[in-house]
>>> print(open('structure.txt').read())   # compact mmCIF, C-alpha atoms
# COMPACT_ATOMS: atom_id res chain seq x y z
CA MET D 22 1.35 99.76 113.27
CA ILE D 23 -0.39 99.01 116.49
CA GLN D 24 -0.03 95.41 117.60
CA ARG D 25 -3.19 93.82 118.96
CA GLN D 26 -1.93 92.39 122.26
CA ASN D 27 -4.79 90.05 123.03
CA ASP D 28 -4.86 88.27 119.69
CA LYS D 29 -2.99 85.11 118.88
CA PRO D 30 -0.48 85.57 116.08
CA LEU D 31 -1.50 84.73 112.55
CA ARG D 32 -0.48 81.29 111.36
CA VAL D 33 0.72 82.06 107.85
CA GLU D 34 1.51 79.34 105.31
CA VAL D 35 3.56 80.82 102.47
CA TRP D 36 4.44 79.08 99.20
CA ARG D 37 8.21 78.81 98.70
CA GLY D 38 9.93 77.74 95.51
CA THR D 39 8.65 77.53 91.95
CA ALA D 40 6.09 75.10 90.48
CA ASN D 41 7.67 72.49 92.72
CA GLY D 42 7.84 73.91 96.18
CA HIS D 43 6.39 73.71 99.64
CA PHE D 44 4.56 75.79 102.19
CA GLN D 45 6.59 77.45 104.92
CA ARG D 46 4.98 78.42 108.20
CA PHE D 47 5.44 81.87 109.74
CA ASP D 48 3.82 83.35 112.85
CA VAL D 49 3.00 87.02 112.36
CA PRO D 50 1.54 89.36 115.02
CA ARG D 51 -1.99 90.64 114.40
CA ARG D 52 -2.14 94.41 113.91
CA GLU D 53 -4.87 96.99 113.51
CA ASN D 54 -6.11 97.36 109.92
CA GLN D 55 -3.48 94.89 108.77
CA THR D 56 -3.56 93.99 105.06
CA VAL D 57 -2.36 90.73 103.56
CA LEU D 58 0.43 92.68 101.86
CA ASP D 59 1.45 94.02 105.29
CA VAL D 60 1.79 90.44 106.49
CA VAL D 61 4.00 89.45 103.55
CA THR D 62 6.14 92.57 103.99
CA GLU D 63 6.53 91.90 107.71
CA ILE D 64 7.63 88.32 107.03
CA GLN D 65 10.19 89.51 104.49
CA ARG D 66 11.56 92.31 106.67
CA ALA D 67 11.50 90.67 110.07
CA GLN D 68 11.71 86.92 109.52
CA ASP D 69 13.01 85.81 106.12
CA ALA D 70 14.62 88.28 103.74
CA THR D 71 14.76 85.65 100.98
CA LEU D 72 10.98 85.70 100.49
CA SER D 73 10.13 86.99 97.00
CA TYR D 74 6.94 88.86 96.21
CA ARG D 75 5.90 91.84 94.15
CA PHE D 76 4.25 95.13 95.00
CA ALA D 77 4.55 98.79 94.10
CA CYS D 78 1.81 101.26 94.90
CA ARG D 79 0.16 99.63 97.96
CA VAL D 80 -3.08 101.49 97.19
CA GLY D 81 -4.81 99.38 94.54
CA MET D 82 -3.58 101.17 91.45
CA CYS D 83 -0.63 99.25 90.02
CA GLY D 84 -1.93 95.69 89.96
CA SER D 85 1.33 94.02 90.98
CA CYS D 86 0.58 92.47 94.39
CA ALA D 87 -2.09 89.90 93.47
CA MET D 88 -1.78 86.48 95.09
CA VAL D 89 -4.00 83.55 95.97
CA VAL D 90 -5.10 84.15 99.56
CA ASN D 91 -6.80 81.26 101.33
CA GLY D 92 -7.62 79.72 97.96
CA ARG D 93 -8.96 82.86 96.28
CA PRO D 94 -7.14 85.32 94.00
CA ARG D 95 -7.03 88.80 95.52
CA TRP D 96 -5.18 92.12 95.42
CA THR D 97 -3.32 91.83 98.69
CA CYS D 98 -2.75 95.55 99.32
CA ARG D 99 -6.47 96.21 99.57
CA THR D 100 -7.38 92.97 101.32
CA ARG D 101 -7.62 93.23 105.09
CA VAL D 102 -6.51 90.17 107.02
CA ALA D 103 -9.64 90.38 109.17
CA ALA D 104 -11.83 90.09 106.07
CA VAL D 105 -10.07 86.91 104.99
CA VAL D 106 -9.46 84.95 108.18
CA GLY D 107 -12.75 85.83 109.89
CA ASP D 108 -12.70 84.50 113.43
CA GLY D 109 -9.73 82.25 112.68
CA ASP D 110 -6.04 82.97 112.46
CA ALA D 111 -4.95 80.93 109.44
CA LEU D 112 -3.65 82.58 106.30
CA LYS D 113 -2.46 80.61 103.26
CA LEU D 114 -0.58 82.56 100.59
CA GLU D 115 0.16 81.17 97.15
CA PRO D 116 1.29 82.64 93.83
CA LEU D 117 -1.42 83.35 91.25
CA ARG D 118 -2.79 80.25 89.49
CA ASN D 119 -2.34 79.88 85.69
CA PHE D 120 0.98 81.77 85.74
CA THR D 121 4.53 80.44 85.72
CA VAL D 122 5.96 80.95 89.19
CA VAL D 123 9.24 82.84 89.19
CA LYS D 124 9.88 82.35 92.89
CA ASP D 125 7.70 82.15 95.99
CA LEU D 126 4.83 84.61 95.46
CA ALA D 127 6.18 86.31 92.34
CA VAL D 128 4.82 85.11 88.97
CA ASP D 129 5.86 85.70 85.38
CA MET D 130 3.32 88.05 83.76
CA VAL D 131 4.76 87.84 80.22
CA ALA D 132 2.24 85.33 78.81
CA PHE D 133 -0.59 87.36 80.34
CA PHE D 134 0.44 90.62 78.68
CA ASP D 135 1.40 88.87 75.43
CA LYS D 136 -2.28 87.95 75.19
CA TRP D 137 -3.25 91.62 75.47
CA ARG D 138 -1.10 92.12 72.39
CA ASP D 139 -2.54 89.02 70.66
CA ALA D 140 -6.08 90.29 71.29
CA LYS D 141 -5.04 93.62 69.76
CA GLY D 142 -5.64 95.18 73.13
CA TYR D 143 -3.98 98.42 72.12
CA PHE D 144 -5.16 101.55 70.30
CA GLU D 145 -4.57 101.72 66.53
CA SER D 146 -4.74 105.21 65.09
CA GLY D 147 -4.41 103.91 61.51
CA PRO D 148 -1.96 105.00 58.82
CA GLN D 149 -3.35 108.52 58.72
CA PRO D 150 -3.63 110.29 62.08
CA ALA D 151 -6.99 111.97 62.60
CA GLU D 152 -6.94 115.61 61.58
CA ASP D 153 -9.07 116.79 64.46
CA PHE D 154 -10.17 115.67 67.91
CA ALA D 155 -12.84 112.99 67.86
CA VAL D 156 -15.97 114.08 69.66
CA VAL D 157 -17.13 111.22 71.86
CA PRO D 158 -20.31 112.09 73.76
CA PRO D 159 -19.96 110.70 77.30
CA ALA D 160 -23.52 109.39 77.16
CA SER D 161 -23.07 107.47 73.91
CA PRO D 162 -23.59 103.69 74.26
CA GLN D 163 -20.09 102.93 73.01
CA ARG D 164 -18.43 105.30 75.46
CA GLN D 165 -20.53 103.85 78.28
CA ALA D 166 -19.53 100.30 77.28
CA ALA D 167 -15.86 101.29 77.19
CA ASN D 168 -16.17 103.00 80.58
CA GLU D 169 -17.36 99.80 82.20
CA GLY D 170 -14.15 97.96 81.39
CA ILE D 171 -11.55 100.68 81.25
CA GLU D 172 -10.36 100.67 84.88
CA CYS D 173 -8.51 97.34 84.55
CA ILE D 174 -5.18 97.51 86.39
CA GLY D 175 -3.80 94.30 84.84
CA CYS D 176 -3.39 92.52 88.16
CA GLY D 177 -4.05 89.03 86.76
CA VAL D 178 -6.68 88.11 89.36
CA CYS D 179 -9.25 87.26 86.65
CA TYR D 180 -6.68 85.22 84.73
CA SER D 181 -5.87 83.29 87.89
CA ALA D 182 -9.57 82.67 88.60
CA CYS D 183 -10.45 81.50 85.07
CA ASP D 184 -10.92 77.76 84.53
CA VAL D 185 -10.83 78.11 80.74
CA VAL D 186 -7.30 79.55 81.02
CA ALA D 187 -6.35 76.49 83.07
CA TRP D 188 -7.72 74.16 80.38
CA ASP D 189 -6.57 75.99 77.26
CA LYS D 190 -3.18 77.64 77.48
CA ASP D 191 -3.92 79.59 74.29
CA TYR D 192 -7.15 81.14 75.63
CA LEU D 193 -6.72 84.90 75.54
CA GLY D 194 -8.30 85.26 78.96
CA PRO D 195 -10.73 87.72 80.54
CA SER D 196 -8.37 90.65 80.92
CA ALA D 197 -7.13 90.76 77.31
CA LEU D 198 -10.66 90.26 75.97
CA ASN D 199 -12.01 92.98 78.26
CA ARG D 200 -9.33 95.31 76.98
CA ALA D 201 -10.20 94.41 73.38
CA TRP D 202 -13.87 95.16 74.10
CA THR D 203 -13.06 98.65 75.37
CA LEU D 204 -11.22 99.26 72.07
CA VAL D 205 -14.03 97.79 69.97
CA ASN D 206 -16.07 100.58 71.52
CA ASP D 207 -13.45 103.23 70.77
CA VAL D 208 -14.85 105.10 67.76
CA ARG D 209 -11.39 106.49 66.93
CA ASP D 210 -9.74 103.10 66.51
CA GLN D 211 -8.89 102.06 62.93
CA ALA D 212 -8.13 98.35 63.40
CA GLN D 213 -11.55 96.94 64.25
CA ALA D 214 -11.58 94.23 61.57
CA ALA D 215 -8.17 92.90 62.62
CA ARG D 216 -9.16 93.08 66.30
CA MET D 217 -12.40 91.17 65.75
CA GLN D 218 -10.46 88.56 63.82
CA ALA D 219 -7.95 88.28 66.65
CA VAL D 220 -10.58 87.79 69.35
CA SER D 221 -12.75 85.47 67.22
CA GLN D 222 -10.12 82.78 66.66
CA GLY D 223 -10.32 79.36 68.31
CA SER D 224 -9.09 80.38 71.74
CA GLY D 225 -10.67 83.83 71.73
CA CYS D 226 -13.98 85.07 73.09
CA LEU D 227 -15.90 82.01 71.85
CA ALA D 228 -13.97 79.76 74.24
CA CYS D 229 -15.46 81.53 77.30
CA HIS D 230 -17.77 79.27 79.30
CA THR D 231 -19.44 82.16 81.15
CA HIS D 232 -18.39 80.74 84.53
CA MET D 233 -18.07 84.37 85.65
CA SER D 234 -15.15 83.70 87.99
CA CYS D 235 -13.38 86.72 86.47
CA THR D 236 -16.34 88.94 87.22
CA ASN D 237 -16.68 87.48 90.69
CA PHE D 238 -13.07 88.09 91.69
CA CYS D 239 -12.13 91.28 89.82
CA PRO D 240 -11.00 93.71 92.54
CA LYS D 241 -12.03 96.66 90.37
CA HIS D 242 -15.55 95.27 89.99
CA ILE D 243 -15.18 95.04 86.24
CA ALA D 244 -17.30 92.40 84.51
CA PRO D 245 -15.09 90.80 81.82
CA THR D 246 -17.86 88.24 81.27
CA TYR D 247 -20.09 90.99 79.85
CA ALA D 248 -17.22 92.34 77.77
CA ILE D 249 -16.71 88.86 76.32
CA ALA D 250 -20.46 88.54 75.68
CA GLY D 251 -20.25 91.88 73.85
CA LEU D 252 -17.40 90.53 71.72
CA LYS D 253 -19.46 87.43 70.91
CA ARG D 254 -22.38 89.62 69.78
CA ALA D 255 -20.08 91.83 67.71
CA MET D 256 -18.47 88.76 66.20
CA MET D 257 -21.86 87.29 65.27
CA ARG D 258 -23.02 90.54 63.70
CA ARG D 259 -19.83 90.65 61.67
CA ALA D 260 -20.11 86.98 60.62
CA LEU D 261 -23.73 87.49 59.57
CA GLY D 262 -22.75 90.40 57.39
CA GLY D 263 -23.53 93.39 59.60
CA GLU D 264 -21.16 95.87 61.15
CA ALA D 265 -19.58 95.05 64.50
CA MET H 10 -14.03 77.47 67.50
CA SER H 11 -14.72 79.57 64.46
CA ALA H 12 -17.51 82.12 64.22
CA LYS H 13 -19.43 79.85 61.83
CA LEU H 14 -19.32 76.88 64.20
CA PHE H 15 -20.34 79.11 67.09
CA ILE H 16 -23.35 80.42 65.17
CA ALA H 17 -24.27 76.91 64.00
CA GLN H 18 -24.15 75.66 67.58
CA ARG H 19 -26.28 78.53 68.90
CA LEU H 20 -28.88 78.22 66.13
CA SER H 21 -29.10 74.44 66.52
CA ALA H 22 -29.48 74.91 70.29
CA PHE H 23 -32.42 77.22 69.59
CA VAL H 24 -34.04 74.50 67.44
CA LEU H 25 -33.25 71.82 70.04
CA ALA H 26 -34.93 73.81 72.80
CA PHE H 27 -38.23 73.32 70.98
CA ALA H 28 -37.49 69.86 69.57
CA VAL H 29 -36.47 68.38 72.94
CA ALA H 30 -39.53 69.90 74.63
CA ILE H 31 -41.81 68.36 71.98
CA HIS H 32 -39.93 65.06 72.24
CA LEU H 33 -40.29 64.85 76.03
CA ALA H 34 -43.93 65.93 75.99
CA THR H 35 -44.64 63.30 73.34
CA ILE H 36 -43.01 60.60 75.46
CA LEU H 37 -45.12 61.54 78.49
CA TYR H 38 -48.23 61.58 76.31
CA ALA H 39 -47.35 58.34 74.53
CA VAL H 40 -46.79 56.17 77.59
CA ARG H 41 -50.15 56.89 79.23
CA GLY H 42 -52.10 53.66 79.65
CA GLY H 43 -49.28 51.33 78.64
CA LEU H 44 -46.93 51.28 75.74
CA THR H 45 -46.59 48.68 73.01
CA ALA H 46 -44.75 48.68 69.69
CA ALA H 47 -48.06 48.33 67.88
CA GLU H 48 -49.46 51.45 69.59
CA VAL H 49 -46.37 53.51 68.81
CA LEU H 50 -46.20 52.40 65.18
CA GLY H 51 -49.92 53.00 64.85
CA ARG H 52 -49.39 56.65 65.70
CA THR H 53 -46.18 57.21 63.75
CA ARG H 54 -46.69 55.30 60.49
CA GLY H 55 -47.62 57.66 57.72
CA ASN H 56 -47.63 60.62 60.13
CA GLY H 57 -46.00 63.46 58.17
CA ILE H 58 -45.94 65.89 61.12
CA PHE H 59 -44.12 63.33 63.25
CA LEU H 60 -41.58 62.74 60.50
CA ALA H 61 -41.02 66.46 59.89
CA ILE H 62 -40.43 67.21 63.58
CA TYR H 63 -37.99 64.34 64.01
CA VAL H 64 -36.07 65.10 60.82
CA VAL H 65 -35.55 68.65 62.09
CA PHE H 66 -34.62 67.25 65.52
CA VAL H 67 -32.07 64.84 64.05
CA ILE H 68 -30.47 67.51 61.85
CA ALA H 69 -30.17 69.87 64.83
CA VAL H 70 -28.55 67.11 66.91
CA ALA H 71 -26.13 66.24 64.11
CA VAL H 72 -25.07 69.90 63.94
CA HIS H 73 -25.03 70.63 67.67
CA ALA H 74 -23.45 67.58 69.30
CA PRO H 75 -20.23 67.30 67.24
CA ILE H 76 -19.42 71.01 67.75
CA GLY H 77 -19.85 70.64 71.51
CA LEU H 78 -17.84 67.43 71.55
CA ARG H 79 -15.12 69.17 69.54
CA ASN H 80 -14.91 71.90 72.18
CA VAL H 81 -14.74 69.35 74.99
CA LEU H 82 -12.00 67.39 73.23
CA ARG H 83 -10.01 70.56 72.53
CA GLU H 84 -10.21 71.59 76.17
CA TRP H 85 -9.58 68.23 77.79
CA THR H 86 -7.17 66.57 75.36
CA ALA H 87 -4.29 67.65 73.15
CA TRP H 88 -6.21 66.61 70.01
CA ARG H 89 -6.19 69.47 67.50
CA GLY H 90 -6.14 70.10 63.79
CA ARG H 91 -7.60 68.47 60.72
CA SER H 92 -7.85 64.94 62.12
CA LEU H 93 -10.12 66.21 64.89
CA ASP H 94 -12.34 68.08 62.43
CA VAL H 95 -12.58 65.10 60.10
CA ALA H 96 -13.38 62.72 62.97
CA LEU H 97 -16.17 64.99 64.20
CA ALA H 98 -17.53 65.52 60.69
CA LEU H 99 -17.81 61.73 60.43
CA PHE H 100 -19.46 61.67 63.86
CA ALA H 101 -21.98 64.24 62.59
CA LEU H 102 -22.74 62.06 59.56
CA LEU H 103 -23.13 59.02 61.82
CA LEU H 104 -25.64 60.86 64.04
CA LEU H 105 -27.49 62.08 60.97
CA ALA H 106 -27.63 58.60 59.37
CA LEU H 107 -28.71 56.79 62.54
CA GLY H 108 -31.26 59.45 63.44
CA LEU H 109 -32.84 59.67 60.00
CA ARG H 110 -32.89 55.87 59.73
CA ALA H 111 -34.78 55.65 63.02
CA ALA H 112 -37.24 58.39 62.07
CA PHE H 113 -38.00 56.84 58.69
CA ALA H 114 -38.17 53.33 60.19
CA VAL H 115 -41.16 54.20 62.35
CA TYR H 116 -42.72 56.41 59.64
CA ALA H 117 -42.64 54.00 56.72
CA VAL H 118 -45.63 51.71 56.37
>>> encode(input="structure.txt", output="structure tokens")
Amino acid sequence: MIQRQNDKPLRVEVWRGTANGHFQRFDVPRRENQTVLDVVTEIQRAQDATLSYRFACRVGMCGSCAMVVNGRPRWTCRTRVAAVVGDGDALKLEPLRNFTVVKDLAVDMVAFFDKWRDAKGYFESGPQPAEDFAVVPPASPQRQAANEGIECIGCGVCYSACDVVAWDKDYLGPSALNRAWTLVNDVRDQAQAARMQAVSQGSGCLACHTHMSCTNFCPKHIAPTYAIAGLKRAMMRRALGGEA
Amino acid sequence: MSAKLFIAQRLSAFVLAFAVAIHLATILYAVRGGLTAAEVLGRTRGNGIFLAIYVVFVIAVAVHAPIGLRNVLREWTAWRGRSLDVALALFALLLLALGLRAAFAVYAV
């Protein structure tokens, strides 16, 4: 990549260690169209090979490179340095909040995906597979509702941004609840009662405070807050005797 | 929080929205031109509408506040389980008793 000769190098503070660690300072040259992930990769390849971080696709599809950048959770592969530092040259990189840190910038995603399972965030075809294709009109309200949440890449940015997750370790979190909402709107799914029960328990959708941090920070512009509101409505309809 | 508690909290909030508005408006109305115990009691004693509004208000508070407090305690402390539910049920009864006592005290002649 082209190095920008006239710019001062970036002053990058990178978290090293686990929950107990420290920030380590690196100076990294500014480059044209440089992303935050480019900066981390350059540090690892050119300055300190022991730096741990995670990435795969580099194009915003896989959801593995999320970190806290200058205090905000972001997908680093699609975040330009220029958009984060503005006129300054300071970059502070930390692992995602609300996750157990494995090392440096890499976090353990197990609890996060376990909650997808706990929220029944997976398709249930039922004991008898359907005999024919289900016809789902693209314009139907349920299909539209599912569409709005279906592009989640599981990056954990919403989970990192959520204060309720920080307070209540059992809270299912915006991503799992958003996934459950897409399945509540899947007319083929045969486990709706069990799913509604799973998301209605103490640390399910009712624990959401509607802070909307998840919706604010989601790199895919999904609105988990609205998905959770949908779950609350469905739960209330079910509790009051109607169908979800 | 269970679905029932959630619904109870939302419904009681709906009642409180009206009850609190009436309560505040009544305060503003009541204090015009000075405020004495005799004036207040003169308006409230034997006033069935006053009593009905405040009984509804007190019941809504007794439902709403303990559920909210339960959520706060669950989020900010490690207190969980039956002891928490019992403590907040007692808190609800306390609010109900104190509130109804106050409402009837200024109603009764």
>>> atom_distance(input="structure.txt", atom1="CA of Thr97 (chain D)", atom2="CA of Tyr74 (chain D)")
11.0 Å
>>> residues_around(input="structure.txt", residues="region 11-26 of chain H", least_positions_apart="3", cutoff="12 Å", atoms="only C-alpha atoms", output="compact mmCIF listing (two decimals) with C-alpha atoms, keeping the file's coordinate frame")
# COMPACT_ATOMS: atom_id res chain seq x y z
CA MET D 217 -12.40 91.17 65.75
CA GLN D 218 -10.46 88.56 63.82
CA ALA D 219 -7.95 88.28 66.65
CA VAL D 220 -10.58 87.79 69.35
CA SER D 221 -12.75 85.47 67.22
CA GLN D 222 -10.12 82.78 66.66
CA GLY D 223 -10.32 79.36 68.31
CA SER D 224 -9.09 80.38 71.74
CA GLY D 225 -10.67 83.83 71.73
CA CYS D 226 -13.98 85.07 73.09
CA LEU D 227 -15.90 82.01 71.85
CA ALA D 228 -13.97 79.76 74.24
CA CYS D 229 -15.46 81.53 77.30
CA LEU D 252 -17.40 90.53 71.72
CA LYS D 253 -19.46 87.43 70.91
CA ARG D 254 -22.38 89.62 69.78
CA ALA D 255 -20.08 91.83 67.71
CA MET D 256 -18.47 88.76 66.20
CA MET D 257 -21.86 87.29 65.27
CA ARG D 258 -23.02 90.54 63.70
CA ARG D 259 -19.83 90.65 61.67
CA ALA D 260 -20.11 86.98 60.62
CA LEU D 261 -23.73 87.49 59.57
CA GLY D 262 -22.75 90.40 57.39
CA VAL H 29 -36.47 68.38 72.94
CA ALA H 30 -39.53 69.90 74.63
CA ILE H 31 -41.81 68.36 71.98
CA HIS H 32 -39.93 65.06 72.24
CA LEU H 33 -40.29 64.85 76.03
CA ILE H 62 -40.43 67.21 63.58
CA TYR H 63 -37.99 64.34 64.01
CA VAL H 64 -36.07 65.10 60.82
CA VAL H 65 -35.55 68.65 62.09
CA PHE H 66 -34.62 67.25 65.52
CA VAL H 67 -32.07 64.84 64.05
CA ILE H 68 -30.47 67.51 61.85
CA ALA H 69 -30.17 69.87 64.83
CA VAL H 70 -28.55 67.11 66.91
CA ALA H 71 -26.13 66.24 64.11
CA VAL H 72 -25.07 69.90 63.94
CA HIS H 73 -25.03 70.63 67.67
CA ALA H 74 -23.45 67.58 69.30
CA PRO H 75 -20.23 67.30 67.24
CA ILE H 76 -19.42 71.01 67.75
CA GLY H 77 -19.85 70.64 71.51
CA LEU H 78 -17.84 67.43 71.55
CA ARG H 79 -15.12 69.17 69.54
CA ASN H 80 -14.91 71.90 72.18
CA ASP H 94 -12.34 68.08 62.43
>>> residues_near_point(input="structure.txt", point="(9.9, 88.3, 95.5)", cutoff="10 Å", atoms="only C-alpha atoms", output="ChimeraX atom specification")
/D:65,70-76,123-128
>>> atom_distance(input="structure.txt", atom1="CA of Gly92 (chain D)", atom2="CA of Ile243 (chain D)")
20.7 Å
>>> residues_around(input="structure.txt", residues="Thr246 (chain D)", least_positions_apart="5", cutoff="10 Å", atoms="all atoms listed in the file", output="compact mmCIF listing (two decimals) with C-alpha atoms, in the frame of the given file")
# COMPACT_ATOMS: atom_id res chain seq x y z
CA PRO D 195 -10.73 87.72 80.54
CA SER D 196 -8.37 90.65 80.92
CA LEU D 198 -10.66 90.26 75.97
CA ASN D 199 -12.01 92.98 78.26
CA CYS D 226 -13.98 85.07 73.09
CA CYS D 229 -15.46 81.53 77.30
CA HIS D 230 -17.77 79.27 79.30
CA THR D 231 -19.44 82.16 81.15
CA HIS D 232 -18.39 80.74 84.53
CA MET D 233 -18.07 84.37 85.65
CA SER D 234 -15.15 83.70 87.99
CA CYS D 235 -13.38 86.72 86.47
CA THR D 236 -16.34 88.94 87.22
CA ASN D 237 -16.68 87.48 90.69
CA GLY D 251 -20.25 91.88 73.85
CA LEU D 252 -17.40 90.53 71.72
>>> atom_distance(input="structure.txt", atom1="CA of Glu53 (chain D)", atom2="CA of Ile174 (chain D)")
27.1 Å
>>> axis_aligned_box(input="structure.txt", around="region 189-208 of chain D", padding_each_side="8 Å", output="AutoDock Vina command-line options")
--center_x -9.6 --center_y 90.5 --center_z 74.3 --size_x 28.9 --size_y 45.1 --size_z 29.2
>>> closest_residue(input="structure.txt", among="H:Arg54, H:Arg83, H:Arg110, H:Arg41", to="chain D", atoms="all atoms listed in the file")
H:Arg83
>>> residues_around(input="structure.txt", residues="Gly175 (chain D)", least_positions_apart="5", cutoff="9 Å", atoms="all atoms listed in the file", output="MDAnalysis selection string")
chainID D and resid 83:85 133:134 196:197
>>> closest_residue(input="structure.txt", among="D:Thr100, D:Gln55, D:Asn168, D:Asn41", to="Ala248 (chain D)", atoms="only C-alpha atoms")
D:Asn168
>>> residues_around(input="structure.txt", residues="Asn91 (chain D)", least_positions_apart="3", cutoff="8 Å", atoms="only C-alpha atoms", output="list in words")
Val105, Leu112, Lys113 and Leu114 of chain D
>>> closest_residue(input="structure.txt", among="H:Leu82, H:Ala46, H:Leu37, H:Ala28", to="chain D", atoms="all atoms listed in the file")
H:Leu82
>>> residues_around(input="structure.txt", residues="Gly51 (chain H)", least_positions_apart="5", cutoff="12 Å", atoms="all atoms listed in the file", output="number ranges by chain")
H: 39, 44-46, 56, 59, 115-118
>>> closest_residue(input="structure.txt", among="D:Ala132, D:Ala87, D:Leu58, D:Val185", to="chain H", atoms="only C-alpha atoms")
D:Val185
>>> closest_residue(input="structure.txt", among="D:Leu117, D:Asp189, D:Cys98, D:Trp137", to="chain H", atoms="all atoms listed in the file")
D:Asp189
>>> closest_residue(input="structure.txt", among="D:Phe44, D:Phe144, D:Trp36, D:Tyr192", to="chain H", atoms="all atoms listed in the file")
D:Tyr192
